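Asks: I am sharing upload_15.cif, which consists of mmCIF, C-alpha atoms:
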data_my_file
loop_
_atom_site.label_atom_id
_atom_site.label_comp_id
_atom_site.auth_asym_id
_atom_site.auth_seq_id
_atom_site.Cartn_x
_atom_site.Cartn_y
_atom_site.Cartn_z
CA MET A 46 -25.11 -26.41 54.60
CA ALA A 47 -25.29 -27.27 50.93
CA ASP A 48 -23.69 -24.89 48.49
CA VAL A 49 -26.15 -22.81 46.55
CA GLU A 50 -25.19 -22.56 42.93
CA SER A 51 -25.58 -19.22 41.23
CA PRO A 52 -27.77 -19.31 38.15
CA ALA A 53 -25.82 -19.55 34.93
CA PRO A 54 -25.66 -16.23 33.08
CA GLU A 55 -27.86 -15.98 30.05
CA PRO A 56 -25.84 -16.12 26.83
CA LEU A 57 -25.58 -12.86 24.97
CA ALA A 58 -26.89 -12.61 21.46
CA PRO A 59 -24.47 -11.66 18.68
CA ALA A 60 -23.29 -8.07 18.52
CA THR A 61 -25.93 -5.56 17.54
CA ASP A 62 -25.86 -2.15 15.88
CA LEU A 63 -27.16 0.37 18.38
CA SER A 64 -27.51 3.07 15.72
CA GLN A 65 -31.08 1.98 14.98
CA TYR A 66 -32.18 2.81 18.54
CA SER A 67 -32.65 6.18 20.19
CA HIS A 68 -34.83 5.66 23.25
CA ALA A 69 -32.69 5.22 26.37
CA TYR A 70 -34.66 2.16 27.50
CA ASP A 71 -34.23 0.43 24.14
CA LEU A 72 -30.52 1.25 24.11
CA ALA A 73 -30.08 -0.19 27.59
CA GLN A 74 -32.04 -3.34 26.68
CA GLU A 75 -29.94 -3.93 23.60
CA TYR A 76 -26.74 -3.33 25.57
CA LEU A 77 -27.79 -5.90 28.18
CA SER A 78 -29.02 -8.46 25.65
CA HIS A 79 -26.31 -8.38 23.01
CA ALA A 80 -22.57 -8.69 22.88
CA MET A 81 -20.73 -5.50 22.07
CA PRO A 82 -19.04 -5.21 18.66
CA PRO A 83 -15.57 -6.76 18.91
CA ALA A 84 -12.56 -4.52 19.31
CA LEU A 85 -9.72 -4.55 16.79
CA PRO A 86 -6.61 -5.77 18.62
CA THR A 87 -3.33 -3.91 18.13
CA PHE A 88 -1.36 -7.05 19.08
CA PHE A 89 0.48 -5.06 21.72
CA GLU A 90 -0.49 -7.08 24.78
CA ASP A 91 -0.41 -4.23 27.32
CA ILE A 92 -2.37 -1.86 25.08
CA ASP A 93 -5.03 -4.44 24.24
CA ARG A 94 -5.48 -5.38 27.89
CA PHE A 95 -5.79 -1.73 28.94
CA MET A 96 -8.24 -1.02 26.09
CA PHE A 97 -10.47 -4.04 26.86
CA GLY A 98 -9.37 -6.09 23.88
CA GLY A 99 -8.18 -3.43 21.47
CA LEU A 100 -9.43 -0.36 19.63
CA HIS A 101 -13.08 0.29 18.96
CA ARG A 102 -14.75 1.57 15.82
CA LYS A 103 -16.13 5.11 15.68
CA CYS A 104 -13.47 6.22 18.15
CA ILE A 105 -10.36 8.40 17.84
CA TYR A 106 -7.17 7.37 19.61
CA VAL A 107 -4.33 9.87 20.00
CA ILE A 108 -0.68 8.83 20.09
CA ALA A 109 1.02 11.88 21.57
CA GLY A 110 4.62 12.64 22.37
CA ARG A 111 7.45 15.07 21.95
CA THR A 112 9.56 15.13 18.80
CA ARG A 113 11.47 11.89 18.14
CA GLU A 114 9.79 9.99 20.98
CA GLY A 115 8.52 7.24 18.66
CA LYS A 116 4.98 8.27 17.71
CA SER A 117 5.36 7.27 14.06
CA SER A 118 7.21 4.07 14.93
CA LEU A 119 4.43 2.97 17.28
CA ALA A 120 1.69 3.91 14.80
CA LEU A 121 3.45 2.09 11.96
CA SER A 122 4.00 -1.00 14.08
CA MET A 123 0.32 -0.99 15.02
CA ALA A 124 -0.60 -0.64 11.35
CA ARG A 125 1.59 -3.58 10.35
CA ARG A 126 0.39 -5.88 13.13
CA MET A 127 -3.28 -5.04 12.68
CA ALA A 128 -3.05 -5.61 8.92
CA VAL A 129 -0.81 -8.68 8.87
CA VAL A 130 -1.90 -10.50 12.02
CA GLY A 131 -5.40 -9.12 12.50
CA LYS A 132 -6.34 -8.98 8.78
CA ALA A 133 -7.70 -5.45 9.23
CA ARG A 134 -7.76 -3.04 6.30
CA VAL A 135 -5.45 -0.20 7.31
CA LEU A 136 -4.80 3.13 5.58
CA TYR A 137 -1.70 4.99 6.83
CA LEU A 138 -1.78 8.65 5.84
CA SER A 139 1.68 10.17 6.33
CA LEU A 140 1.99 13.94 6.26
CA GLU A 141 5.64 14.02 7.30
CA MET A 142 7.69 11.04 6.14
CA SER A 143 7.92 9.59 2.65
CA LYS A 144 6.87 6.09 1.65
CA LEU A 145 10.56 5.13 1.42
CA GLU A 146 11.26 6.26 4.98
CA LEU A 147 8.20 4.45 6.26
CA VAL A 148 8.89 1.17 4.47
CA GLU A 149 12.48 1.22 5.78
CA ARG A 150 11.16 1.69 9.30
CA MET A 151 8.64 -1.10 8.81
CA LEU A 152 11.32 -3.53 7.59
CA CYS A 153 13.58 -2.55 10.50
CA GLN A 154 10.72 -3.38 12.87
CA THR A 155 10.17 -6.69 11.12
CA LEU A 156 13.80 -7.77 11.47
CA LEU A 157 14.41 -5.95 14.77
CA VAL A 158 17.51 -4.26 13.36
CA PRO A 159 18.60 -0.58 13.08
CA ILE A 160 18.51 1.20 9.74
CA ALA A 161 22.28 0.91 9.27
CA GLN A 162 22.08 -2.88 9.49
CA LEU A 163 19.11 -2.97 7.14
CA VAL A 164 21.09 -1.00 4.55
CA ALA A 165 24.09 -3.27 5.07
CA HIS A 166 21.93 -6.37 4.48
CA ARG A 167 20.62 -4.82 1.28
CA THR A 168 24.12 -3.86 0.10
CA ASN A 169 25.38 -7.38 0.79
CA GLY A 170 22.48 -8.92 -1.12
CA ILE A 171 21.01 -10.85 1.82
CA LEU A 172 18.06 -8.64 2.71
CA ARG A 173 15.55 -10.38 0.43
CA ALA A 174 16.39 -13.78 1.95
CA ARG A 175 16.12 -12.38 5.49
CA LEU A 176 12.67 -10.98 4.68
CA ALA A 177 11.33 -13.96 2.71
CA GLU A 178 8.93 -15.22 5.37
CA SER A 179 7.77 -11.75 6.36
CA MET A 180 7.05 -10.84 2.75
CA LYS A 181 4.82 -13.90 2.41
CA SER A 182 2.60 -12.65 5.23
CA LEU A 183 2.75 -9.01 4.10
CA GLN A 184 1.70 -9.68 0.49
CA PRO A 185 -1.95 -10.71 1.15
CA SER A 186 -2.47 -8.07 3.86
CA TRP A 187 -4.26 -4.77 3.21
CA LEU A 188 -1.94 -1.99 4.39
CA HIS A 189 -1.80 1.09 2.16
CA ILE A 190 0.60 3.98 2.78
CA GLU A 191 -0.07 7.41 1.28
CA ASP A 192 2.44 10.27 1.52
CA GLU A 193 1.12 12.78 -1.02
CA LYS A 194 -2.51 13.07 0.05
CA GLY A 195 -3.86 15.73 2.38
CA ALA A 196 -5.68 15.05 5.61
CA GLN A 197 -8.46 17.59 5.37
CA ILE A 198 -11.76 15.82 5.95
CA ASP A 199 -12.95 16.32 2.36
CA GLN A 200 -9.59 15.02 1.07
CA ILE A 201 -9.90 11.90 3.21
CA GLU A 202 -13.46 11.37 1.98
CA LEU A 203 -12.29 11.61 -1.65
CA LEU A 204 -9.45 9.18 -0.95
CA LEU A 205 -11.84 6.69 0.58
CA GLU A 206 -14.25 7.05 -2.32
CA ASP A 207 -11.76 7.04 -5.18
CA LYS A 208 -9.06 4.60 -4.12
CA ILE A 209 -10.61 2.21 -1.67
CA GLU A 210 -12.63 -0.57 -3.27
CA GLN A 211 -13.88 -1.85 0.09
CA PRO A 212 -14.48 -0.06 3.41
CA ILE A 213 -11.35 0.24 5.51
CA ASP A 214 -11.16 -0.60 9.21
CA VAL A 215 -8.38 1.66 10.47
CA LEU A 216 -7.28 5.16 9.45
CA ILE A 217 -3.94 6.42 10.79
CA ILE A 218 -3.02 10.11 10.38
CA ASP A 219 0.58 11.09 11.08
CA HIS A 220 0.49 13.80 12.31
CA LEU A 221 -1.90 16.53 13.50
CA GLN A 222 0.55 19.46 13.35
CA HIS A 223 1.14 18.92 9.60
CA ILE A 224 -2.55 19.31 8.73
CA PRO A 225 -3.26 22.76 7.23
CA MET A 226 -6.00 24.47 9.20
CA GLN A 227 -8.52 27.04 8.07
CA TYR A 228 -7.45 30.68 7.97
CA GLY A 229 -9.05 33.45 9.96
CA VAL A 230 -9.46 31.50 13.22
CA SER A 231 -7.08 30.62 16.01
CA ARG A 232 -5.10 27.41 15.72
CA ALA A 233 -6.84 26.06 18.83
CA ASP A 234 -10.31 26.72 17.38
CA ALA A 235 -9.27 25.23 14.04
CA ILE A 236 -8.03 22.05 15.74
CA SER A 237 -11.24 21.80 17.76
CA THR A 238 -13.30 22.03 14.58
CA TYR A 239 -11.08 19.49 12.82
CA MET A 240 -11.35 17.00 15.67
CA ALA A 241 -15.13 17.30 15.68
CA ASP A 242 -15.23 16.70 11.93
CA LEU A 243 -12.81 13.77 12.26
CA LYS A 244 -15.00 12.21 14.94
CA ALA A 245 -18.01 12.57 12.65
CA LEU A 246 -16.04 10.86 9.88
CA ALA A 247 -15.10 7.98 12.19
CA LYS A 248 -18.76 7.47 13.09
CA ARG A 249 -19.99 7.85 9.52
CA ARG A 250 -17.42 5.43 8.10
CA ASN A 251 -17.37 3.06 11.10
CA LEU A 252 -13.61 3.51 11.48
CA VAL A 253 -10.95 3.22 14.10
CA VAL A 254 -8.97 6.47 13.80
CA ILE A 255 -5.44 6.74 15.19
CA LEU A 256 -4.08 10.29 15.23
CA CYS A 257 -0.46 11.11 16.01
CA SER A 258 0.24 14.47 17.62
CA GLN A 259 3.12 16.38 19.13
CA ILE A 260 2.85 17.69 22.67
CA ASN A 261 4.26 20.86 24.14
CA ARG A 262 7.67 20.65 25.80
CA GLN A 263 6.64 22.40 28.99
CA GLY A 264 7.44 20.51 32.17
CA ASN A 265 7.69 16.80 32.86
CA GLU A 266 4.17 16.21 34.19
CA LYS A 267 2.05 13.37 32.86
CA PRO A 268 0.73 14.42 29.42
CA SER A 269 -2.97 15.10 28.92
CA LEU A 270 -5.10 16.44 26.07
CA ILE A 271 -4.36 20.04 27.07
CA HIS A 272 -0.71 19.42 26.17
CA LEU A 273 -1.44 18.68 22.50
CA LYS A 274 0.61 21.19 20.54
CA GLY A 275 -1.55 23.99 19.17
CA SER A 276 -4.66 22.81 20.97
#
Step by step, read the file and then write its structure as structure tokens.
Replies:
Amino acid sequence: MADVESPAPEPLAPATDLSQYSHAYDLAQEYLSHAMPPALPTFFEDIDRFMFGGLHRKCIYVIAGRTREGKSSLALSMARRMAVVGKARVLYLSLEMSKLELVERMLCQTLLVPIAQLVAHRTNGILRARLAESMKSLQPSWLHIEDEKGAQIDQIELLLEDKIEQPIDVLIIDHLQHIPMQYGVSRADAISTYMADLKALAKRRNLVVILCSQINRQGNEKPSLIHLKGS
């Protein structure tokens, strides 16, 4: 019996913006007929494979962990790789560490050395030579670090309007527990309201949002959203 060849799949049209459609039938037709907007890769192979190619715009991703488990290190490494390798425009909003602490961490990640060795290289006058190639790739990238700006939604909007000459791709907030919440309501209700407003901002600005958050120390079970501290 001769093999029966399956018909070749129809090529998908370029990615479309579904925001102009509202009827379910039209949405489904566009989904079937067009490629989806490309994800922004983090350049962490396991993460990108799990997330179907990377992080998607208009979505919030939470990096959660207990104190000193590496939330900021992971977020900063993502920021550096997405900006340098992926050419994304990344804004890192730090509510805990200073710019100096963050740049030291970033350079340690670049050289794969601990902070003590980084300081020793600088003291010995060899750090600039060790970083020469990395600085060449970092210079044209768009990675901005802010450590004196608030993370209330209106403050972020002002920052995007006043300081950013072009739309950014990725907003990283480090971290949730350092964001002042409104008075007169419970912390859990305030966080719920903030997350809803942050999601609206991500959709309005077409952003990938990465939010770092502490989790409660109770038990050793697999973390979930209910373990976010204060939530």
Asks: Run through the PyMOL selection byres ((chain A and resi 258) around 10) on the given coordinates and return the selected residues as a VMD selection string.
Replies: chain A and resid 107 to 112 116 to 117 218 to 223 255 to 257 259 to 261 272 to 275
Asks: Take CA of Glu202 (chain A) and CA of Ala133 (chain A) and report the distance between them in Å, one decimal.
Replies: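 So the two atoms, CA of Glu202 (chain A) and CA of Ala133 (chain A), lie 19.2 Å apart.
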Asks: For Cys153 (chain A), please output as a PyMOL selection string all residues within 12 Å (counting only C-alpha atoms; exclusion window: fewer than 2 positions along the same chain).
Replies: chain A and resi 118+121-122+146-151+155-167+172+175-176+179
Asks: Please produce, as a Markdown table, a per-residue contact table for region 126-234 of chain A versus region 75-95 of chain A (criterion: any atom at most 8 Å away, only C-alpha atoms considered), showing the nearest atom pair and its distance in Å to one decimal, sorted by chain then residue number.
Replies:
| residue | atom | partner | partner_atom | distance |
| --- | --- | --- | --- | --- |
| A:Arg126 | CA | A:Phe88 | CA | 6.3 |
| A:Met127 | CA | A:Thr87 | CA | 5.6 |
| A:Val130 | CA | A:Phe88 | CA | 7.9 |
| A:Gly131 | CA | A:Pro86 | CA | 7.1 |
| A:Ala133 | CA | A:Leu85 | CA | 7.9 |
Asks: What does the file look like for those residues with C-alpha atoms, as a PDB file, in the frame of the given file?
Replies:
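Written out: part-v5.pdb:
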ATOM      1  CA  ARG A 126       0.390  -5.880  13.130  1.00  0.00           C
ATOM      2  CA  MET A 127      -3.280  -5.040  12.680  1.00  0.00           C
ATOM      3  CA  VAL A 130      -1.900 -10.500  12.020  1.00  0.00           C
ATOM      4  CA  GLY A 131      -5.400  -9.120  12.500  1.00  0.00           C
ATOM      5  CA  ALA A 133      -7.700  -5.450   9.230  1.00  0.00           C
TER       6      ALA A 133
END
Asks: Using all atoms listed in the file, which residue out of A:Asp234, A:Asp62, A:Glu266, A:Asp214 lies closest to Leu252 (chain A)?
Replies: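 Among A:Asp234, A:Asp62, A:Glu266, A:Asp214, it is A:Asp214 that comes nearest to Leu252 (chain A).
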Asks: Provide the CA of Gly195 (chain A) to CA of Ala245 (chain A) distance in Å, to one decimal place.
Replies: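 Atom-to-atom, CA of Gly195 (chain A) and CA of Ala245 (chain A) are spaced 17.8 Å apart.
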Asks: Name the residues that the PyMOL selection byres ((chain A and resi 226) around 12) picks from the file above, as a list in words, using the file's chain letters and numbers.
Replies: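 This file, filtered by the PyMOL selection byres ((chain A and resi 226) around 12), leaves Gly195, Ala196, Gln197, Ile198, Leu221, Gln222, His223, Ile224, Pro225, Gln227, Tyr228, Gly229, Val230, Ser231, Arg232, Ala233, Asp234, Ala235, Ile236, Ser237, Thr238, Tyr239, Met240, Gly275 and Ser276 of chain A.
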Asks: Between CA of Ser186 (chain A) and CA of Ala124 (chain A), measure the distance and give it in Å to one decimal.
Replies: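 Those two atoms sit 10.7 Å apart.
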Asks: Of the candidates A:Lys103, A:His68, A:His189, A:Arg113, which one gets nearest to Ser139 (chain A) if we count only C-alpha atoms?
Replies: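 So, comparing all the options, the nearest one is A:His189.
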Asks: May I have the protein, DNA and RNA residues with any atom at most 6 Å from the point (-7.4, 3.1, 22.3), counting all atoms listed in the file, written as a ChimeraX atom specification?
Replies: /A:96,100,106
